[in-house]
Every structure is written in structure tokens, then in C-alpha cells.
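Novice: Contents are TSV, C-alpha atoms and all ligand atoms; file name start-v7.tsv:
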chain	number	residue	atom	x	y	z
A	296	SER	CA	-11.48	-14.03	-19.66
A	297	THR	CA	-10.23	-10.91	-17.94
A	298	SER	CA	-12.54	-7.99	-17.27
A	299	PRO	CA	-12.61	-5.35	-20.07
A	300	HIS	CA	-11.67	-2.80	-17.40
A	301	ILE	CA	-8.23	-4.34	-16.85
A	302	PRO	CA	-6.58	-2.83	-19.97
A	303	TYR	CA	-7.63	0.62	-18.77
A	304	LEU	CA	-6.25	0.04	-15.28
A	305	LYS	CA	-3.01	-1.15	-16.91
A	306	GLN	CA	-2.92	2.10	-18.90
A	307	CYS	CA	-3.41	4.02	-15.62
A	308	LEU	CA	-0.61	1.96	-14.03
A	309	SER	CA	1.77	2.91	-16.86
A	310	LEU	CA	0.88	6.54	-16.24
A	311	ALA	CA	1.46	6.14	-12.48
A	312	GLU	CA	4.95	4.76	-13.18
A	313	GLN	CA	5.87	8.15	-14.66
A	314	SER	CA	5.15	9.86	-11.33
A	315	PRO	CA	8.20	11.04	-9.31
A	316	PRO	CA	8.43	8.87	-6.14
A	317	ARG	CA	7.67	10.81	-2.90
A	318	PRO	CA	7.16	9.62	0.68
A	319	THR	CA	4.37	12.18	1.04
A	320	ASN	CA	1.81	10.83	-1.43
A	321	PHE	CA	0.95	7.89	-3.69
A	322	ARG	CA	1.90	7.46	-7.37
A	323	VAL	CA	-1.41	7.21	-9.20
A	324	GLY	CA	-2.57	7.30	-12.82
A	325	ALA	CA	-5.92	8.37	-14.29
A	326	VAL	CA	-7.70	8.13	-17.65
A	327	LEU	CA	-10.84	10.04	-18.64
A	328	LEU	CA	-12.96	8.70	-21.52
A	329	SER	CA	-16.36	8.92	-23.19
A	330	ARG	CA	-18.20	5.59	-23.55
A	331	LYS	CA	-21.20	4.70	-25.69
A	332	ASP	CA	-24.16	3.30	-23.75
A	333	ASN	CA	-24.79	-0.45	-24.10
A	334	ASP	CA	-21.37	-1.07	-25.65
A	335	PRO	CA	-20.24	-4.10	-23.56
A	336	THR	CA	-16.85	-4.50	-25.24
A	337	PHE	CA	-16.13	-0.74	-25.14
A	338	THR	CA	-15.39	-0.74	-28.88
A	339	ASP	CA	-16.44	2.89	-29.29
A	340	ASP	CA	-14.58	4.39	-26.30
A	341	ARG	CA	-12.96	7.80	-26.83
A	342	ILE	CA	-10.02	8.74	-24.57
A	343	LEU	CA	-10.40	12.39	-23.54
A	344	SER	CA	-7.44	12.93	-21.20
A	345	THR	CA	-4.87	11.28	-18.93
A	346	GLY	CA	-2.95	12.35	-15.84
A	347	TYR	CA	-0.52	11.10	-13.20
A	348	THR	CA	0.53	12.30	-9.75
A	349	MET	CA	2.75	15.40	-9.95
A	350	GLU	CA	2.61	15.45	-13.76
A	351	LEU	CA	1.81	19.14	-13.44
A	352	ALA	CA	3.68	21.61	-11.25
A	353	GLY	CA	2.97	21.58	-7.54
A	354	ASN	CA	1.50	18.94	-5.30
A	355	THR	CA	-0.92	17.64	-7.95
A	356	HIS	CA	-2.94	14.43	-8.00
A	357	ALA	CA	-3.49	12.17	-11.03
A	358	GLU	CA	-7.20	12.98	-11.34
A	359	GLN	CA	-6.45	16.68	-10.88
A	360	CYS	CA	-3.86	16.56	-13.71
A	361	CYS	CA	-6.26	14.62	-15.92
A	362	PHE	CA	-8.88	17.37	-15.60
A	363	SER	CA	-6.32	20.15	-15.76
A	364	ASN	CA	-4.79	18.78	-18.98
A	365	TYR	CA	-8.24	18.66	-20.57
A	366	ALA	CA	-9.08	22.20	-19.38
A	367	ALA	CA	-5.79	23.50	-20.81
A	368	VAL	CA	-6.44	21.97	-24.24
A	369	HIS	CA	-9.86	23.66	-24.21
A	370	LYS	CA	-8.41	26.95	-22.93
A	371	VAL	CA	-10.48	27.22	-19.75
A	372	PRO	CA	-9.36	27.44	-16.12
A	373	ASP	CA	-9.38	24.17	-14.17
A	374	ASP	CA	-12.55	25.01	-12.27
A	375	GLN	CA	-14.49	25.37	-15.54
A	376	VAL	CA	-13.54	21.96	-16.94
A	377	GLY	CA	-17.15	20.80	-16.45
A	378	GLU	CA	-18.25	23.31	-19.06
A	379	VAL	CA	-16.02	21.93	-21.80
A	380	LEU	CA	-16.40	18.19	-21.19
A	381	PRO	CA	-18.48	16.65	-24.00
A	382	VAL	CA	-22.20	16.19	-23.46
A	383	GLU	CA	-23.38	13.62	-26.01
A	384	PRO	CA	-26.70	11.77	-25.94
A	385	GLY	CA	-26.14	8.05	-25.58
A	386	ARG	CA	-22.62	8.46	-24.19
A	387	LYS	CA	-21.27	8.70	-20.64
A	388	LEU	CA	-18.10	10.16	-19.09
A	389	ILE	CA	-16.03	7.51	-17.32
A	390	MET	CA	-12.88	7.87	-15.21
A	391	TYR	CA	-10.37	5.08	-14.49
A	392	VAL	CA	-7.88	5.59	-11.64
A	393	THR	CA	-5.40	3.16	-10.13
A	394	MET	CA	-6.48	4.30	-6.64
A	395	GLU	CA	-9.78	5.43	-5.11
A	396	PRO	CA	-10.08	9.23	-5.57
A	397	CYS	CA	-9.19	11.12	-2.40
A	398	GLY	CA	-11.94	12.54	-0.21
A	399	LYS	CA	-9.48	14.37	2.02
A	400	ARG	CA	-5.87	15.48	1.53
A	401	LEU	CA	-3.31	16.20	4.24
A	402	SER	CA	-2.25	19.31	2.30
A	403	GLY	CA	-5.79	20.65	2.50
A	404	ASN	CA	-5.91	21.05	-1.30
A	405	ALA	CA	-9.26	20.34	-2.97
A	406	PRO	CA	-9.82	16.57	-2.92
A	407	CYS	CA	-10.32	14.80	-6.24
A	408	VAL	CA	-13.82	13.62	-5.31
A	409	GLN	CA	-14.78	17.32	-5.21
A	410	ARG	CA	-13.18	17.86	-8.62
A	411	ILE	CA	-15.13	14.90	-9.96
A	412	THR	CA	-18.48	15.96	-8.46
A	413	ARG	CA	-18.02	19.50	-9.76
A	414	THR	CA	-18.03	18.28	-13.36
A	415	ALA	CA	-21.79	17.95	-12.95
A	416	GLU	CA	-23.59	21.27	-13.19
A	417	GLY	CA	-26.96	22.36	-14.56
A	418	GLU	CA	-27.97	19.99	-17.33
A	419	ARG	CA	-24.55	18.35	-17.46
A	420	GLU	CA	-24.24	14.97	-15.81
A	421	GLY	CA	-20.45	15.24	-15.65
A	422	ILE	CA	-18.54	12.11	-14.65
A	423	HIS	CA	-20.96	9.17	-14.64
A	424	LYS	CA	-18.82	6.47	-13.05
A	425	VAL	CA	-15.34	5.94	-11.56
A	426	TYR	CA	-13.46	2.61	-11.73
A	427	PHE	CA	-10.39	2.12	-9.51
A	428	GLY	CA	-8.00	-0.74	-8.74
A	429	VAL	CA	-7.45	-0.24	-4.99
A	430	LYS	CA	-9.11	1.61	-2.16
A	431	GLU	CA	-6.87	4.27	-0.66
A	432	PRO	CA	-4.58	2.76	2.01
A	433	GLY	CA	-4.82	4.35	5.47
A	434	THR	CA	-1.28	5.77	5.33
A	435	PHE	CA	-2.22	9.46	5.31
A	436	VAL	CA	-5.89	9.94	6.05
A	437	GLY	CA	-6.96	6.69	7.70
A	438	GLU	CA	-10.31	5.24	6.63
A	439	SER	CA	-10.85	6.46	3.06
A	440	GLU	CA	-13.84	8.73	2.42
A	441	GLY	CA	-13.70	8.80	-1.37
A	442	CYS	CA	-16.24	6.10	-2.20
A	443	ARG	CA	-18.76	7.29	0.39
A	444	MET	CA	-18.51	10.84	-0.93
A	445	LEU	CA	-18.95	9.70	-4.54
A	446	THR	CA	-22.08	7.77	-3.54
A	447	GLN	CA	-23.37	10.81	-1.64
A	448	ALA	CA	-22.92	12.86	-4.83
A	449	GLY	CA	-24.82	10.26	-6.84
A	450	ILE	CA	-21.72	9.19	-8.76
A	451	ASP	CA	-21.35	5.45	-9.34
A	452	TRP	CA	-18.03	3.74	-8.62
A	453	GLU	CA	-16.58	0.24	-8.80
A	454	HIS	CA	-13.45	-1.44	-7.49
A	455	VAL	CA	-11.91	-3.59	-10.24
A	456	GLY	CA	-9.78	-6.34	-8.63
A	457	GLY	CA	-6.77	-8.17	-10.02
A	458	LEU	CA	-3.97	-5.58	-10.06
A	459	GLU	CA	-3.79	-4.64	-6.38
A	460	ARG	CA	-0.19	-5.72	-5.81
A	461	GLU	CA	1.10	-3.97	-8.94
A	462	ILE	CA	-0.87	-0.80	-8.21
A	463	LEU	CA	0.26	-0.62	-4.57
A	464	THR	CA	3.89	-1.37	-5.45
A	465	VAL	CA	3.91	1.60	-7.84
A	466	ALA	CA	1.91	3.80	-5.46
A	467	PHE	CA	4.23	3.26	-2.48
A	468	ALA	CA	7.52	3.34	-4.41
A	469	GLY	CA	8.72	6.59	-2.81
A	470	HIS	CA	7.97	5.45	0.74
A	471	GLU	CA	10.59	4.41	3.31
A	472	ASN	CA	9.28	0.91	3.93
A	473	ALA	CA	7.37	0.44	0.68
A	474	ALA	CA	7.41	-3.36	0.61
A	475	GLU	CA	6.00	-3.60	4.13
A	476	GLU	CA	3.32	-1.00	3.39
A	477	VAL	CA	2.30	-2.95	0.28
A	478	ARG	CA	1.96	-6.14	2.32
A	479	ALA	CA	-0.03	-4.34	4.99
A	480	ALA	CA	-2.30	-2.71	2.42
A	481	LEU	CA	-2.86	-6.13	0.81
A	482	GLY	CA	-4.03	-7.31	4.23
A	483	GLU	CA	-1.29	-9.86	4.50
A	484	LYS	CA	-0.66	-10.66	8.15
A	485	GLU	CA	2.88	-10.08	9.38
A	486	THR	CA	4.54	-13.47	9.87
A	487	ASN	CA	5.62	-13.23	13.50
A	488	VAL	CA	8.25	-15.56	14.87
A	489	ASP	CA	6.01	-17.91	16.84
A	490	ASP	CA	3.94	-18.55	13.71
A	491	ILE	CA	6.89	-19.99	11.79
A	501	LIG	N1	-6.29	9.06	-5.71
A	501	LIG	C1	-5.11	9.68	-5.46
A	501	LIG	N2	-4.43	10.22	-6.51
A	501	LIG	C2	-3.21	10.79	-6.33
A	501	LIG	O1	-2.60	11.27	-7.31
A	501	LIG	C3	-2.64	10.85	-5.00
A	501	LIG	N3	-1.39	11.41	-4.79
A	501	LIG	C4	-3.41	10.32	-3.94
A	501	LIG	N4	-2.93	10.44	-2.65
A	501	LIG	C5	-3.90	10.41	-1.55
A	501	LIG	C6	-3.24	10.81	-0.22
A	501	LIG	O2	-4.26	10.81	0.76
A	501	LIG	C7	-2.63	12.23	-0.27
A	501	LIG	O3	-1.60	12.28	-1.19
A	501	LIG	C8	-2.10	12.57	1.13
A	501	LIG	O4	-3.20	12.80	1.98
A	501	LIG	C9	-1.22	13.81	1.12
A	501	LIG	O5	-2.00	14.92	0.71
A	501	LIG	P1	-1.45	15.78	-0.54
A	501	LIG	O6	-1.32	14.81	-1.70
A	501	LIG	O7	-0.13	16.33	-0.10
A	501	LIG	O8	-2.49	16.83	-0.80
A	501	LIG	N5	-4.62	9.73	-4.19
A	502	ZN	ZN	-6.74	13.18	-5.10
Would you mind writing the structure in this file as C-alpha cells?
Ligand SMILES: Nc1nc(=O)c(N)c(NC[C@H](O)[C@H](O)[C@H](O)COP(=O)(O)O)[nH]1
Ligand SMILES: [Zn+2]

Specialist:
Amino acid sequence: STSPHIPYLKQCLSLAEQSPPRPTNFRVGAVLLSRKDNDPTFTDDRILSTGYTMELAGNTHAEQCCFSNYAAVHKVPDDQVGEVLPVEPGRKLIMYVTMEPCGKRLSGNAPCVQRITRTAEGEREGIHKVYFGVKEPGTFVGESEGCRMLTQAGIDWEHVGGLEREILTVAFAGHENAAEEVRAALGEKETNVDDI
């Protein structure tokens, strides 16, 4: 049986496919939900928001749009989204993203890990756990920092395998040599001539 996380990653992948292809980033999709504790089949999940790369104006990331969409619905500025996310006993806030949240961005804009950690303030736990389908490839920032930074902030995370090829194919679509980058990111060795 497939993991119960897979349908959510597939929903994130559908979101990512709506992102305009660019050589300067990855096409990513994100879903934010509230989950009841000890609910192994996720029957009582409540979707709170979704987002995809460049859904909103400017050089925006999927996770950023997901939070920004929620903040807009609740009529607060983006940096106050933590104050309007639901705090409900016996429920946790969960984020699904096709790709590991960024710890550093070439543009210098606030990385998504920072946006995630900032949802916790005072009594509010904020985001409890992040599930993603691939670690960030080294294309832009080399060794990814996202997971280490989440751990440092006390936020749990988990890589859910099974959709890597699909997720990377969508993510790299705007890149010059997308197919080769997907293969490299999948860790497939180049087949050089003397190996044939
Ligand atoms: N998790 C994630 N969600 C996204 O929506 C997205 N576009 C990236 N991409 C990560 C990549 O590291 C940055 O896109 C580059 O570092 C360029 O930085 P900018 O995006 O221009 O700030 N990562
Ligand atoms: Zn990001």
C-alpha cells in the first residue's frame, strides 16, 4: 500500500505544474493543513492553504505563496500569518512541499525555512512538521541547508520517497538542460562511452 502522504505530494505536484517555467528557480507546490493527533489515515485533515512558485507577483516561492494566500484571506500582512493560523488542542499544523524548503536563496529574499519557523511565536507552536518529496538539488545554492535549519528550529521534517522523478521533472522544466539535471539530481551516473 502506498504511504498516506503520497496523495498530498501529488496535490503539491499538480500545484507545481501551474508554475511558470524559469531557468532561475524550481517549480514547486505546497499545501498547508491542520491534522488531528493520532489520526493515522488522516481522515480529519483540514486543508488551510495552497501555493506554487510565482503564483503571486514577484519572485515568490511555493511555501511563501501558501502563507501569503492564507494571510490575505485573514486580512493580515504576510509577516503576521503566525497570529492567524489556527491553534487547536489535539491538532497540528502540517506542510507538504514537493521540494525541501529553501534555507538560502540566491535573490537574498527571506528563505522559506525562516517563514516556517516564524509561524511559532509565544504560545503558538506554528508549523509542527514538513513533508517533502525531494531534497533541494545543488543547482543554485549547493548543499541544501533547509533540513538542518528546520531541525535547529525544533521543527520535524520527513522526506517522502516515490515521486522524485516526477517532482524533479516539473521542478526543472524551465531549465536549459532539464533532462540532464533531473538525471543528475536522481544520482544517475552519466553513461560515458567506455562504459557502453
Ligand atoms: N522549496 C522551494 N520552493 C520554491 O518555490 C522554489 N522556487 C525553490 N527554489 C530554491 C532555489 O534555491 C532558489 O529558487 C534559487 O536559489 C534562486 O533564488 P530565488 O528563488 O531567486 O530567491 N525552492
Ligand atoms: Zn523557498

Novice: Which is closest to A:Lys387 among A:Gly421, A:Gly437, A:Gly353, A:Pro299, if we use all atoms listed in the file?

Specialist: A:Gly421

Novice: Hey, which residues come within 10 Å of ligand ZN 502 (chain A) if we count all atoms listed in the file? Could you give them as a ChimeraX atom specification?

Specialist: /A:320-321,323,348,355-360,394-400,404-411,431,441

Novice: Calculate, to one decimal in Å, the centre and edge lengths of the box along x, y and z of the file that holds all listed atoms of ligand LIG 501 (chain A) with 3 Å of margin on each side, and present them as JSON.

Specialist:
{"center_x": -3.2, "center_y": 12.9, "center_z": -2.7, "size_x": 12.2, "size_y": 13.8, "size_z": 15.3}

Novice: Do you have the atom CA of A:Arg330-atom CA of A:Arg460 distance handy?

Specialist: 27.7 Å

Novice: From the set A:Pro302, A:Gly469, A:Pro318, A:Gly346, which residue has the shortest atom-to-atom contact distance to A:Phe362, counting all atoms listed in the file?

Specialist: A:Gly346

Novice: What lies within 12 Å of A:Gly456 using only C-alpha atoms, ignoring chain neighbours under 4 positions off, as an MDAnalysis selection string?

Specialist: chainID A and resid 297:301 304:305 393:394 426:430 460:462 481

Novice: Name all residues at most 12 Å from A:Gly482 (count all atoms listed in the file; drop same-chain ones fewer than 3 positions away) and give them as a PyMOL selection string.

Specialist: chain A and resi 432-433+459-460+463+475-479+485-486

Novice: For a quick check of understanding, using all atoms listed in the file, which of A:Gly457, A:Gly403, A:Pro315, A:Gly449 has the smallest distance to ligand LIG 501 (chain A)?

Specialist: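 With all atoms listed in the file as the atom set, the closest residue is A:Gly403.
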
Novice: Residues within 8 Å of stretch 324-329 of chain A, please, as a PyMOL selection string. Count only C-alpha atoms; anything in the same chain fewer than 4 positions from it doesn't count.

Specialist: chain A and resi 303+306-312+340-348+357-358+361+386-394

Novice: Between atom CA of A:Glu383 and atom CA of A:Ser363, measure the distance and give it in Å to one decimal.

Specialist: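 Between these atoms lies a distance of 20.9 Å.
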
Novice: Would you mind listing what lies within 10 Å of A:Ile450 as a compact mmCIF listing (two decimals) with C-alpha atoms, keeping the file's coordinate frame, with only C-alpha atoms counted and same-chain residues fewer than 2 positions away left out?

Specialist:
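Result file is around_12.txt:
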# COMPACT_ATOMS: atom_id res chain seq x y z
CA VAL A 408 -13.82 13.62 -5.31
CA ILE A 411 -15.13 14.90 -9.96
CA THR A 412 -18.48 15.96 -8.46
CA ALA A 415 -21.79 17.95 -12.95
CA GLU A 420 -24.24 14.97 -15.81
CA GLY A 421 -20.45 15.24 -15.65
CA ILE A 422 -18.54 12.11 -14.65
CA HIS A 423 -20.96 9.17 -14.64
CA LYS A 424 -18.82 6.47 -13.05
CA VAL A 425 -15.34 5.94 -11.56
CA CYS A 442 -16.24 6.10 -2.20
CA ARG A 443 -18.76 7.29 0.39
CA MET A 444 -18.51 10.84 -0.93
CA LEU A 445 -18.95 9.70 -4.54
CA THR A 446 -22.08 7.77 -3.54
CA GLN A 447 -23.37 10.81 -1.64
CA ALA A 448 -22.92 12.86 -4.83
CA TRP A 452 -18.03 3.74 -8.62

Novice: Measuring atom to atom with only C-alpha atoms and all ligand atoms, identify which of A:Pro316, A:Pro384, A:Gly377, A:Pro335 is nearest to ligand LIG 501 (chain A).

Specialist: A:Pro316

Novice: At what distance in Å, to one decimal, does atom CA of A:Met349 lie from atom C5 of ligand LIG 501 (chain A)?

Specialist: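 Those two atoms sit 11.8 Å apart.
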
Novice: For a quick check of understanding, using only C-alpha atoms and all ligand atoms, which of A:Ala367, A:Val379, A:Ala468, A:Leu401 has the smallest distance to ligand LIG 501 (chain A)?

Specialist: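 Among the listed residues, the smallest separation from ligand LIG 501 (chain A) belongs to A:Leu401.
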
Novice: Would you mind telling me which residue in A:Val436, A:Ala366, A:Ala474, A:Ala480 lies nearest to ligand LIG 501 (chain A) when using all atoms listed in the file?

Specialist: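 Looking only at the distances to ligand LIG 501 (chain A), the closest residue turns out to be A:Val436.
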